[in-house]
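*Asks:* You'll find work26.pdb just under this line, and it carries PDB, C-alpha atoms.
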ATOM      1  CA  MET A   1     -18.018 -19.192   7.849
ATOM      2  CA  HIS A   2     -16.703 -21.282   4.972
ATOM      3  CA  THR A   3     -14.033 -19.647   2.796
ATOM      4  CA  ASP A   4     -13.764 -22.315   0.107
ATOM      5  CA  ALA A   5     -15.293 -22.795  -3.350
ATOM      6  CA  SER A   6     -18.776 -22.951  -1.830
ATOM      7  CA  LEU A   7     -18.650 -19.122  -1.896
ATOM      8  CA  LEU A   8     -18.837 -19.205  -5.696
ATOM      9  CA  SER A   9     -21.749 -19.523  -8.082
ATOM     10  CA  ALA A  10     -19.590 -21.120 -10.804
ATOM     11  CA  PRO A  11     -21.120 -24.613 -11.221
ATOM     12  CA  THR A  12     -17.857 -26.401 -12.031
ATOM     13  CA  ALA A  13     -15.747 -24.699  -9.350
ATOM     14  CA  GLU A  14     -14.412 -26.957  -6.617
ATOM     15  CA  SER A  15     -11.919 -26.685  -3.794
ATOM     16  CA  THR A  16      -8.826 -28.832  -4.237
ATOM     17  CA  TYR A  17      -5.507 -29.064  -2.419
ATOM     18  CA  ARG A  18      -2.180 -29.227  -4.239
ATOM     19  CA  ASP A  19       1.190 -30.099  -2.710
ATOM     20  CA  VAL A  20       3.623 -27.802  -4.511
ATOM     21  CA  ASN A  21       7.119 -26.591  -3.661
ATOM     22  CA  GLY A  22       6.919 -27.962  -0.130
ATOM     23  CA  VAL A  23       3.577 -26.351   0.791
ATOM     24  CA  ARG A  24      -0.062 -27.374   0.538
ATOM     25  CA  LEU A  25      -2.141 -24.830  -1.347
ATOM     26  CA  HIS A  26      -5.907 -24.544  -1.402
ATOM     27  CA  VAL A  27      -6.787 -24.112  -5.074
ATOM     28  CA  VAL A  28     -10.182 -23.438  -6.620
ATOM     29  CA  ALA A  29     -10.352 -25.298  -9.928
ATOM     30  CA  ALA A  30     -13.048 -24.819 -12.567
ATOM     31  CA  GLY A  31     -13.676 -25.893 -16.126
ATOM     32  CA  ASP A  32     -12.788 -28.848 -18.317
ATOM     33  CA  GLU A  33      -9.371 -30.309 -17.511
ATOM     34  CA  SER A  34      -8.533 -30.517 -21.219
ATOM     35  CA  ASP A  35      -9.127 -26.813 -21.935
ATOM     36  CA  PRO A  36      -6.310 -24.221 -22.137
ATOM     37  CA  LEU A  37      -5.127 -23.309 -18.641
ATOM     38  CA  VAL A  38      -5.471 -19.919 -16.923
ATOM     39  CA  VAL A  39      -4.003 -19.215 -13.467
ATOM     40  CA  LEU A  40      -5.387 -16.210 -11.538
ATOM     41  CA  LEU A  41      -3.273 -14.837  -8.666
ATOM     42  CA  HIS A  42      -4.824 -12.651  -5.949
ATOM     43  CA  GLY A  43      -3.134  -9.871  -4.023
ATOM     44  CA  PHE A  44      -3.026  -8.439  -0.494
ATOM     45  CA  PRO A  45      -5.116  -8.598   1.640
ATOM     46  CA  GLU A  46      -7.376 -10.858  -0.419
ATOM     47  CA  PHE A  47      -7.751 -14.555  -1.297
ATOM     48  CA  PHE A  48      -9.049 -16.566  -4.251
ATOM     49  CA  TYR A  49     -12.445 -14.837  -3.818
ATOM     50  CA  SER A  50     -11.061 -11.663  -5.412
ATOM     51  CA  TRP A  51     -11.324 -13.300  -8.865
ATOM     52  CA  ARG A  52     -14.874 -14.615  -8.375
ATOM     53  CA  GLU A  53     -16.340 -12.469 -11.173
ATOM     54  CA  GLN A  54     -13.841 -13.735 -13.743
ATOM     55  CA  ILE A  55     -13.931 -17.497 -13.082
ATOM     56  CA  GLU A  56     -17.215 -18.499 -14.684
ATOM     57  CA  PRO A  57     -16.908 -16.251 -17.771
ATOM     58  CA  LEU A  58     -13.439 -17.691 -18.454
ATOM     59  CA  VAL A  59     -14.770 -21.235 -18.091
ATOM     60  CA  GLU A  60     -17.684 -20.454 -20.425
ATOM     61  CA  ALA A  61     -15.177 -19.100 -22.947
ATOM     62  CA  GLY A  62     -13.417 -22.472 -22.977
ATOM     63  CA  TYR A  63     -10.671 -22.222 -20.357
ATOM     64  CA  ARG A  64      -9.598 -24.353 -17.428
ATOM     65  CA  VAL A  65      -9.125 -21.980 -14.471
ATOM     66  CA  LEU A  66      -7.019 -22.385 -11.319
ATOM     67  CA  VAL A  67      -7.247 -19.780  -8.546
ATOM     68  CA  PRO A  68      -4.989 -20.560  -5.582
ATOM     69  CA  ASP A  69      -4.983 -19.089  -2.142
ATOM     70  CA  GLN A  70      -1.325 -18.193  -2.306
ATOM     71  CA  ARG A  71       0.917 -19.479   0.477
ATOM     72  CA  GLY A  72       0.049 -17.899   3.815
ATOM     73  CA  TYR A  73      -3.469 -16.933   2.773
ATOM     74  CA  ASN A  74      -6.872 -18.262   3.801
ATOM     75  CA  LEU A  75      -6.908 -22.092   3.587
ATOM     76  CA  SER A  76      -3.392 -22.573   2.222
ATOM     77  CA  GLU A  77      -0.464 -23.633   4.377
ATOM     78  CA  LYS A  78       1.357 -20.911   6.300
ATOM     79  CA  PRO A  79       5.065 -21.740   6.634
ATOM     80  CA  ASP A  80       6.942 -20.220   9.566
ATOM     81  CA  GLY A  81       9.525 -17.494   9.115
ATOM     82  CA  VAL A  82      10.075 -14.657   6.688
ATOM     83  CA  ARG A  83      12.330 -16.436   4.182
ATOM     84  CA  ALA A  84       9.491 -18.769   3.182
ATOM     85  CA  TYR A  85       7.788 -15.804   1.496
ATOM     86  CA  ARG A  86      10.560 -14.735  -0.880
ATOM     87  CA  LYS A  87       9.278 -13.923  -4.357
ATOM     88  CA  SER A  88      11.412 -16.680  -5.851
ATOM     89  CA  GLU A  89       9.527 -19.202  -3.682
ATOM     90  CA  LEU A  90       6.153 -17.674  -4.535
ATOM     91  CA  ALA A  91       6.927 -17.950  -8.244
ATOM     92  CA  ARG A  92       8.065 -21.540  -7.840
ATOM     93  CA  ASP A  93       4.704 -22.336  -6.224
ATOM     94  CA  VAL A  94       3.007 -21.286  -9.460
ATOM     95  CA  VAL A  95       5.392 -23.284 -11.634
ATOM     96  CA  GLU A  96       4.574 -26.441  -9.706
ATOM     97  CA  LEU A  97       0.873 -25.580  -9.614
ATOM     98  CA  ILE A  98       0.900 -25.483 -13.423
ATOM     99  CA  HIS A  99       2.755 -28.801 -13.465
ATOM    100  CA  SER A 100       0.144 -30.286 -11.119
ATOM    101  CA  GLU A 101      -2.309 -29.979 -14.020
ATOM    102  CA  GLY A 102       0.026 -31.937 -16.271
ATOM    103  CA  ARG A 103       0.924 -28.748 -18.152
ATOM    104  CA  ASP A 104       4.186 -27.043 -18.986
ATOM    105  CA  SER A 105       2.704 -23.546 -19.270
ATOM    106  CA  ALA A 106      -0.407 -21.427 -18.754
ATOM    107  CA  HIS A 107      -1.841 -17.968 -19.203
ATOM    108  CA  VAL A 108      -1.030 -16.241 -15.890
ATOM    109  CA  VAL A 109      -2.843 -13.184 -14.534
ATOM    110  CA  GLY A 110      -2.139 -11.355 -11.285
ATOM    111  CA  HIS A 111      -3.466  -8.360  -9.370
ATOM    112  CA  ASP A 112      -1.537  -6.473  -6.679
ATOM    113  CA  TRP A 113       0.888  -8.924  -5.007
ATOM    114  CA  GLY A 114      -0.375 -11.575  -7.405
ATOM    115  CA  ALA A 115       0.908  -9.364 -10.231
ATOM    116  CA  SER A 116       4.307  -9.153  -8.516
ATOM    117  CA  VAL A 117       4.415 -12.947  -8.461
ATOM    118  CA  ALA A 118       3.323 -13.047 -12.109
ATOM    119  CA  TRP A 119       6.135 -10.668 -13.137
ATOM    120  CA  GLU A 120       8.596 -12.807 -11.157
ATOM    121  CA  LEU A 121       7.315 -15.973 -12.808
ATOM    122  CA  ALA A 122       7.648 -14.508 -16.306
ATOM    123  CA  LEU A 123      11.198 -13.345 -15.586
ATOM    124  CA  ARG A 124      12.440 -16.477 -13.782
ATOM    125  CA  TYR A 125      10.537 -19.152 -15.692
ATOM    126  CA  PRO A 126       9.621 -17.606 -19.070
ATOM    127  CA  SER A 127       8.694 -20.932 -20.667
ATOM    128  CA  THR A 128       5.857 -21.415 -18.150
ATOM    129  CA  VAL A 129       3.949 -18.277 -19.210
ATOM    130  CA  ASP A 130       1.991 -18.318 -22.480
ATOM    131  CA  ARG A 131       0.452 -14.887 -22.003
ATOM    132  CA  LEU A 132       0.893 -12.580 -19.032
ATOM    133  CA  GLY A 133      -1.817 -10.398 -17.493
ATOM    134  CA  ILE A 134      -0.865  -7.705 -14.966
ATOM    135  CA  VAL A 135      -3.266  -5.516 -12.978
ATOM    136  CA  ASN A 136      -1.941  -2.472 -11.115
ATOM    137  CA  VAL A 137       1.603  -3.453 -10.271
ATOM    138  CA  PRO A 138       4.660  -2.201 -12.192
ATOM    139  CA  HIS A 139       7.571  -4.214 -13.515
ATOM    140  CA  PRO A 140       9.978  -4.787 -10.587
ATOM    141  CA  SER A 141      12.737  -2.642 -12.106
ATOM    142  CA  VAL A 142      10.310   0.256 -12.540
ATOM    143  CA  LEU A 143       9.048  -0.028  -8.975
ATOM    144  CA  ARG A 144      12.585  -0.166  -7.595
ATOM    145  CA  HIS A 145      13.577   2.948  -9.552
ATOM    146  CA  HIS A 146      10.568   4.934  -8.319
ATOM    147  CA  ILE A 147      10.950   3.944  -4.683
ATOM    148  CA  LEU A 148      14.597   5.046  -4.782
ATOM    149  CA  ARG A 149      14.159   8.234  -6.816
ATOM    150  CA  ASN A 150      10.539   9.376  -6.715
ATOM    151  CA  PRO A 151       9.602  10.987  -3.367
ATOM    152  CA  SER A 152       5.890  10.725  -4.150
ATOM    153  CA  GLN A 153       6.086   6.962  -4.653
ATOM    154  CA  LEU A 154       8.239   6.601  -1.561
ATOM    155  CA  ARG A 155       5.530   8.340   0.481
ATOM    156  CA  LYS A 156       2.844   6.105  -0.997
ATOM    157  CA  SER A 157       4.898   3.031  -0.060
ATOM    158  CA  TRP A 158       5.115   3.976   3.636
ATOM    159  CA  TYR A 159       3.139   0.890   4.709
ATOM    160  CA  VAL A 160       5.797  -1.435   3.244
ATOM    161  CA  PHE A 161       8.288  -0.063   5.772
ATOM    162  CA  TYR A 162       5.734  -0.121   8.577
ATOM    163  CA  PHE A 163       5.156  -3.824   7.913
ATOM    164  CA  GLN A 164       8.838  -4.487   8.664
ATOM    165  CA  LEU A 165       8.175  -3.946  12.384
ATOM    166  CA  PRO A 166       7.691  -7.068  14.520
ATOM    167  CA  ARG A 167       4.188  -7.869  15.862
ATOM    168  CA  ILE A 168       2.848  -4.292  15.772
ATOM    169  CA  PRO A 169       1.458  -4.538  12.199
ATOM    170  CA  GLU A 170      -0.428  -7.712  13.123
ATOM    171  CA  TRP A 171      -1.913  -6.039  16.198
ATOM    172  CA  SER A 172      -2.944  -2.846  14.418
ATOM    173  CA  SER A 173      -4.340  -4.664  11.357
ATOM    174  CA  SER A 174      -6.627  -6.863  13.438
ATOM    175  CA  ARG A 175      -7.996  -4.096  15.694
ATOM    176  CA  ASN A 176     -11.692  -3.214  15.489
ATOM    177  CA  ASN A 177     -12.578  -6.246  13.409
ATOM    178  CA  PHE A 178      -9.826  -5.650  10.822
ATOM    179  CA  GLU A 179     -10.733  -2.001  10.298
ATOM    180  CA  TYR A 180      -7.343  -1.279   8.668
ATOM    181  CA  PHE A 181      -7.878  -3.862   5.928
ATOM    182  CA  VAL A 182     -11.504  -2.841   5.417
ATOM    183  CA  ARG A 183     -10.417   0.767   4.980
ATOM    184  CA  ALA A 184      -7.722  -0.296   2.501
ATOM    185  CA  LEU A 185     -10.369  -2.023   0.376
ATOM    186  CA  ARG A 186     -13.130   0.555   0.563
ATOM    187  CA  SER A 187     -11.155   3.814   0.536
ATOM    188  CA  ASN A 188      -9.902   3.390  -3.050
ATOM    189  CA  ALA A 189     -13.088   1.917  -4.550
ATOM    190  CA  SER A 190     -16.491   3.258  -5.531
ATOM    191  CA  PRO A 191     -19.228   2.894  -2.892
ATOM    192  CA  GLY A 192     -20.772  -0.565  -2.981
ATOM    193  CA  THR A 193     -17.770  -2.247  -4.605
ATOM    194  CA  PHE A 194     -17.117  -4.254  -1.435
ATOM    195  CA  THR A 195     -20.421  -5.265   0.152
ATOM    196  CA  ASP A 196     -20.892  -6.071   3.829
ATOM    197  CA  GLU A 197     -21.221  -9.731   2.839
ATOM    198  CA  ASP A 198     -17.923  -9.568   0.937
ATOM    199  CA  LEU A 199     -16.203  -8.077   3.970
ATOM    200  CA  GLU A 200     -17.498 -10.807   6.263
ATOM    201  CA  ARG A 201     -15.952 -13.358   3.918
ATOM    202  CA  TYR A 202     -12.680 -11.459   3.916
ATOM    203  CA  ARG A 203     -12.721 -11.238   7.704
ATOM    204  CA  ALA A 204     -13.177 -15.012   7.886
ATOM    205  CA  ALA A 205     -10.112 -15.472   5.663
ATOM    206  CA  TRP A 206      -8.038 -12.943   7.655
ATOM    207  CA  SER A 207      -9.004 -14.790  10.855
ATOM    208  CA  GLN A 208      -7.494 -18.103   9.767
ATOM    209  CA  PRO A 209      -4.806 -19.134  12.290
ATOM    210  CA  GLY A 210      -1.454 -17.667  11.340
ATOM    211  CA  ALA A 211      -2.782 -15.799   8.301
ATOM    212  CA  LEU A 212      -2.014 -12.258   9.461
ATOM    213  CA  THR A 213       1.666 -12.884  10.134
ATOM    214  CA  ALA A 214       2.063 -15.009   7.008
ATOM    215  CA  THR A 215       0.598 -12.406   4.673
ATOM    216  CA  ILE A 216       2.545  -9.530   6.233
ATOM    217  CA  ASN A 217       5.678 -11.682   5.906
ATOM    218  CA  TRP A 218       5.372 -11.249   2.139
ATOM    219  CA  TYR A 219       6.320  -7.584   2.683
ATOM    220  CA  ARG A 220       9.044  -8.442   5.155
ATOM    221  CA  ALA A 221      10.609 -10.908   2.748
ATOM    222  CA  ALA A 222      10.433  -8.431  -0.132
ATOM    223  CA  VAL A 223      12.653  -6.015   1.810
ATOM    224  CA  ARG A 224      14.911  -8.423   3.708
ATOM    225  CA  HIS A 225      15.456 -11.017   0.997
ATOM    226  CA  ALA A 226      15.237  -9.041  -2.223
ATOM    227  CA  ALA A 227      16.831 -10.804  -5.181
ATOM    228  CA  SER A 228      16.582  -9.712  -8.791
ATOM    229  CA  PRO A 229      15.402 -12.287 -11.321
ATOM    230  CA  PRO A 230      17.900 -13.397 -13.979
ATOM    231  CA  ARG A 231      16.450 -11.177 -16.727
ATOM    232  CA  GLU A 232      14.585  -7.880 -17.071
ATOM    233  CA  ILE A 233      12.722  -8.298 -20.354
ATOM    234  CA  VAL A 234       9.447 -10.236 -20.470
ATOM    235  CA  SER A 235       9.156 -12.365 -23.595
ATOM    236  CA  ALA A 236       5.519 -13.462 -23.158
ATOM    237  CA  PRO A 237       2.859 -11.220 -24.732
ATOM    238  CA  THR A 238       1.807  -8.960 -21.859
ATOM    239  CA  LEU A 239      -1.360  -7.040 -21.061
ATOM    240  CA  ILE A 240      -1.114  -4.400 -18.330
ATOM    241  CA  VAL A 241      -4.418  -3.135 -16.919
ATOM    242  CA  TRP A 242      -4.136  -0.009 -14.760
ATOM    243  CA  GLY A 243      -6.558   1.954 -12.627
ATOM    244  CA  GLU A 244      -5.004   5.417 -12.664
ATOM    245  CA  GLN A 245      -6.514   6.549  -9.342
ATOM    246  CA  ASP A 246      -4.502   3.929  -7.438
ATOM    247  CA  PHE A 247      -3.811   5.155  -3.897
ATOM    248  CA  ALA A 248      -0.515   3.240  -3.630
ATOM    249  CA  LEU A 249       1.145   3.438  -7.056
ATOM    250  CA  GLU A 250       2.112   6.289  -9.368
ATOM    251  CA  PRO A 251       0.329   6.020 -12.763
ATOM    252  CA  GLU A 252       3.443   6.777 -14.832
ATOM    253  CA  MET A 253       4.860   3.408 -13.787
ATOM    254  CA  ALA A 254       2.381   1.649 -16.099
ATOM    255  CA  PRO A 255       3.762   2.878 -19.461
ATOM    256  CA  GLU A 256       7.302   2.589 -18.138
ATOM    257  CA  SER A 257       6.622  -1.100 -17.439
ATOM    258  CA  ILE A 258       5.578  -1.694 -21.058
ATOM    259  CA  ALA A 259       9.139  -0.801 -22.082
ATOM    260  CA  TYR A 260      10.299  -4.018 -20.371
ATOM    261  CA  CYS A 261       7.997  -6.204 -22.498
ATOM    262  CA  ASP A 262       8.850  -7.548 -25.949
ATOM    263  CA  ASP A 263       5.132  -7.479 -26.787
ATOM    264  CA  GLY A 264       3.249  -5.242 -24.366
ATOM    265  CA  ARG A 265      -0.130  -3.523 -24.337
ATOM    266  CA  LEU A 266      -1.493  -1.066 -21.776
ATOM    267  CA  GLU A 267      -5.177  -0.535 -21.024
ATOM    268  CA  ARG A 268      -5.944   2.341 -18.642
ATOM    269  CA  PHE A 269      -8.975   3.015 -16.474
ATOM    270  CA  PRO A 270      -8.653   6.752 -15.740
ATOM    271  CA  ASP A 271     -11.406   6.950 -13.097
ATOM    272  CA  ILE A 272     -10.755   3.663 -11.257
ATOM    273  CA  GLY A 273      -8.454   3.011  -8.312
ATOM    274  CA  HIS A 274      -6.504  -0.042  -7.248
ATOM    275  CA  TRP A 275      -9.333  -2.604  -7.270
ATOM    276  CA  VAL A 276      -9.983  -2.756 -11.014
ATOM    277  CA  PRO A 277     -11.134  -6.421 -11.189
ATOM    278  CA  HIS A 278     -13.800  -5.617  -8.592
ATOM    279  CA  GLU A 279     -15.005  -2.329 -10.054
ATOM    280  CA  GLU A 280     -14.864  -3.288 -13.730
ATOM    281  CA  PRO A 281     -15.169  -7.103 -13.731
ATOM    282  CA  GLU A 282     -16.798  -7.413 -17.157
ATOM    283  CA  ALA A 283     -14.295  -5.062 -18.808
ATOM    284  CA  VAL A 284     -11.346  -6.866 -17.229
ATOM    285  CA  THR A 285     -12.689 -10.256 -18.323
ATOM    286  CA  ALA A 286     -13.210  -8.993 -21.881
ATOM    287  CA  LEU A 287      -9.652  -7.635 -22.016
ATOM    288  CA  LEU A 288      -8.236 -10.923 -20.747
ATOM    289  CA  LEU A 289     -10.201 -12.988 -23.268
ATOM    290  CA  GLU A 290      -9.063 -10.733 -26.107
ATOM    291  CA  HIS A 291      -5.478 -11.017 -24.869
ATOM    292  CA  PHE A 292      -5.576 -14.809 -24.642
ATOM    293  CA  ASP A 293      -7.138 -15.126 -28.114
ATOM    294  CA  ARG A 294      -4.674 -12.863 -29.937
TER     295      ARG A 294
END
Take the structure in the file and give it back as structure tokens.
*Replies:*
Amino acid sequence: MHTDASLLSAPTAESTYRDVNGVRLHVVAAGDESDPLVVLLHGFPEFFYSWREQIEPLVEAGYRVLVPDQRGYNLSEKPDGVRAYRKSELARDVVELIHSEGRDSAHVVGHDWGASVAWELALRYPSTVDRLGIVNVPHPSVLRHHILRNPSQLRKSWYVFYFQLPRIPEWSSSRNNFEYFVRALRSNASPGTFTDEDLERYRAAWSQPGALTATINWYRAAVRHAASPPREIVSAPTLIVWGEQDFALEPEMAPESIAYCDDGRLERFPDIGHWVPHEEPEAVTALLLEHFDR
């Protein structure tokens, strides 16, 4: 099964490859190259396909859109070793991706691990982010505080520590046709959010050679090679979108994260879990467009 831009209905979307920061990334590009740039960053265990509902509406609204498979995922290169997946490297990938368009900055939006990269980018390279969009991941200082001092969040983060084990997480995640990942997607979403066809596409991406170890290495690097960015306050105007029924993250971390933004806004979805862009695609797109146009 193909896992490139042919999965999309967006007429201008095409698969491209960009050599950035020493890796080759598969990047879906859509829209007029002269339009304002938006970069959409997926999370775990997804790939560019997670933003499929947002691409065409953003293009129709007058934006150039880039959606990479982040390093280690799907069709992008999968460097060996854990250190290659440090957040500082992941953020640098996005800096150079923006530069590959001949731009100095872009609107950057991330969900899950993509949001972690987006926070890192805004804190390490503030001049590259025009407006920041975050979906269901707290500011890194807030997350660190809760993991250290909030027993409930520590319990919810158990899988991060499990992923530190060698080889066993890869074996267990791939058993029974990736049942663990399928359960992670479907258990915190309304019935029908992830169709059987969607899951076949995800399975094809998870089955890419080396993808399982590479994507789990993001978690290993986060624990083994943690390094705080040079600042804590985000200067870019920031929109935080939060599904309050998230199975992995305490809801109070959302307003606490706003305190680290010079210009922050929080939009809550009280009845939605972790997969907000999937469950409420039109609402998320509308919020992003309003945020970009402020």
*Asks:* So which residues touch A:Gln245 within 12 Å, counting all atoms listed in the file, skipping near sequence neighbours fewer than 2 positions away, as a ChimeraX atom specification?
*Replies:* /A:136,187-190,242-243,247-252,268-276
*Asks:* Point out the residue among A:Ala222, A:Ile240, A:Leu8, A:Ala13 with the least atom-to-atom distance to A:Ile134, counting all atoms listed in the file.
*Replies:*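 Using all atoms listed in the file, the shortest distance to A:Ile134 belongs to A:Ile240.
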*Asks:* A:Tyr125, A:Phe47, A:Tyr17, A:Tyr202: which is nearest A:Pro230, counting all atoms listed in the file?
*Replies:*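 Nearest to A:Pro230: A:Tyr125.
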*Asks:* Hey, what comes out of the PyMOL selection byres ((chain A and resi 103) around 12) on this file? Could you write it as a list in words?
*Replies:*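 This file, filtered by the PyMOL selection byres ((chain A and resi 103) around 12), leaves Glu33, Ser34, Asp35, Pro36, Leu37, Val38, Val39, Arg64, Val94, Val95, Glu96, Leu97, Ile98, His99, Ser100, Glu101, Gly102, Asp104, Ser105, Ala106, His107, Ser127, Thr128, Val129 and Asp130 of chain A.
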*Asks:* At a cut-off of 8 Å, using only C-alpha atoms, what residues contact A:Ser50? Leave out same-chain residues fewer than 4 positions from it and give the result as a PDB file with C-alpha atoms, in the coordinates of the input.
*Replies:*
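Final output, saved to out09.pdb:
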ATOM      1  CA  HIS A  42      -4.824 -12.651  -5.949  1.00  0.00           C
ATOM      2  CA  GLU A  46      -7.376 -10.858  -0.419  1.00  0.00           C
ATOM      3  CA  PRO A 277     -11.134  -6.421 -11.189  1.00  0.00           C
ATOM      4  CA  HIS A 278     -13.800  -5.617  -8.592  1.00  0.00           C
TER       5      HIS A 278
END
*Asks:* Can you work out which one of A:Ala29, A:Ile258, A:Ala10, A:Leu154 has the shortest atom-to-atom distance to A:Val137, counting all atoms listed in the file?
*Replies:* A:Ile258
*Asks:* So which residues touch A:Asn177 within 12 Å, counting all atoms listed in the file, skipping near sequence neighbours fewer than 6 positions away, as a list of chain:residue names?
*Replies:*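 In the requested form, the answer reads A:Trp171, A:Arg183, A:Leu199, A:Glu200, A:Tyr202, A:Arg203, A:Ala204, A:Trp206, A:Ser207.
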*Asks:* Write the residues of the preceding selection, restricted to C-alpha atoms, as an mmCIF file, in the coordinates of the input.
*Replies:*
data_model
loop_
_atom_site.group_PDB
_atom_site.id
_atom_site.type_symbol
_atom_site.label_atom_id
_atom_site.label_comp_id
_atom_site.auth_asym_id
_atom_site.auth_seq_id
_atom_site.Cartn_x
_atom_site.Cartn_y
_atom_site.Cartn_z
ATOM 1 C CA TRP A 171 -1.913 -6.039 16.198
ATOM 2 C CA ARG A 183 -10.417 0.767 4.980
ATOM 3 C CA LEU A 199 -16.203 -8.077 3.970
ATOM 4 C CA GLU A 200 -17.498 -10.807 6.263
ATOM 5 C CA TYR A 202 -12.680 -11.459 3.916
ATOM 6 C CA ARG A 203 -12.721 -11.238 7.704
ATOM 7 C CA ALA A 204 -13.177 -15.012 7.886
ATOM 8 C CA TRP A 206 -8.038 -12.943 7.655
ATOM 9 C CA SER A 207 -9.004 -14.790 10.855
#
*Asks:* Can you work out the spacing between atom CA of A:Glu56 and atom CA of A:Val108 in Å, to one decimal?
*Replies:*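 Taking atom CA of A:Glu56 and atom CA of A:Val108, their separation equals 16.4 Å.
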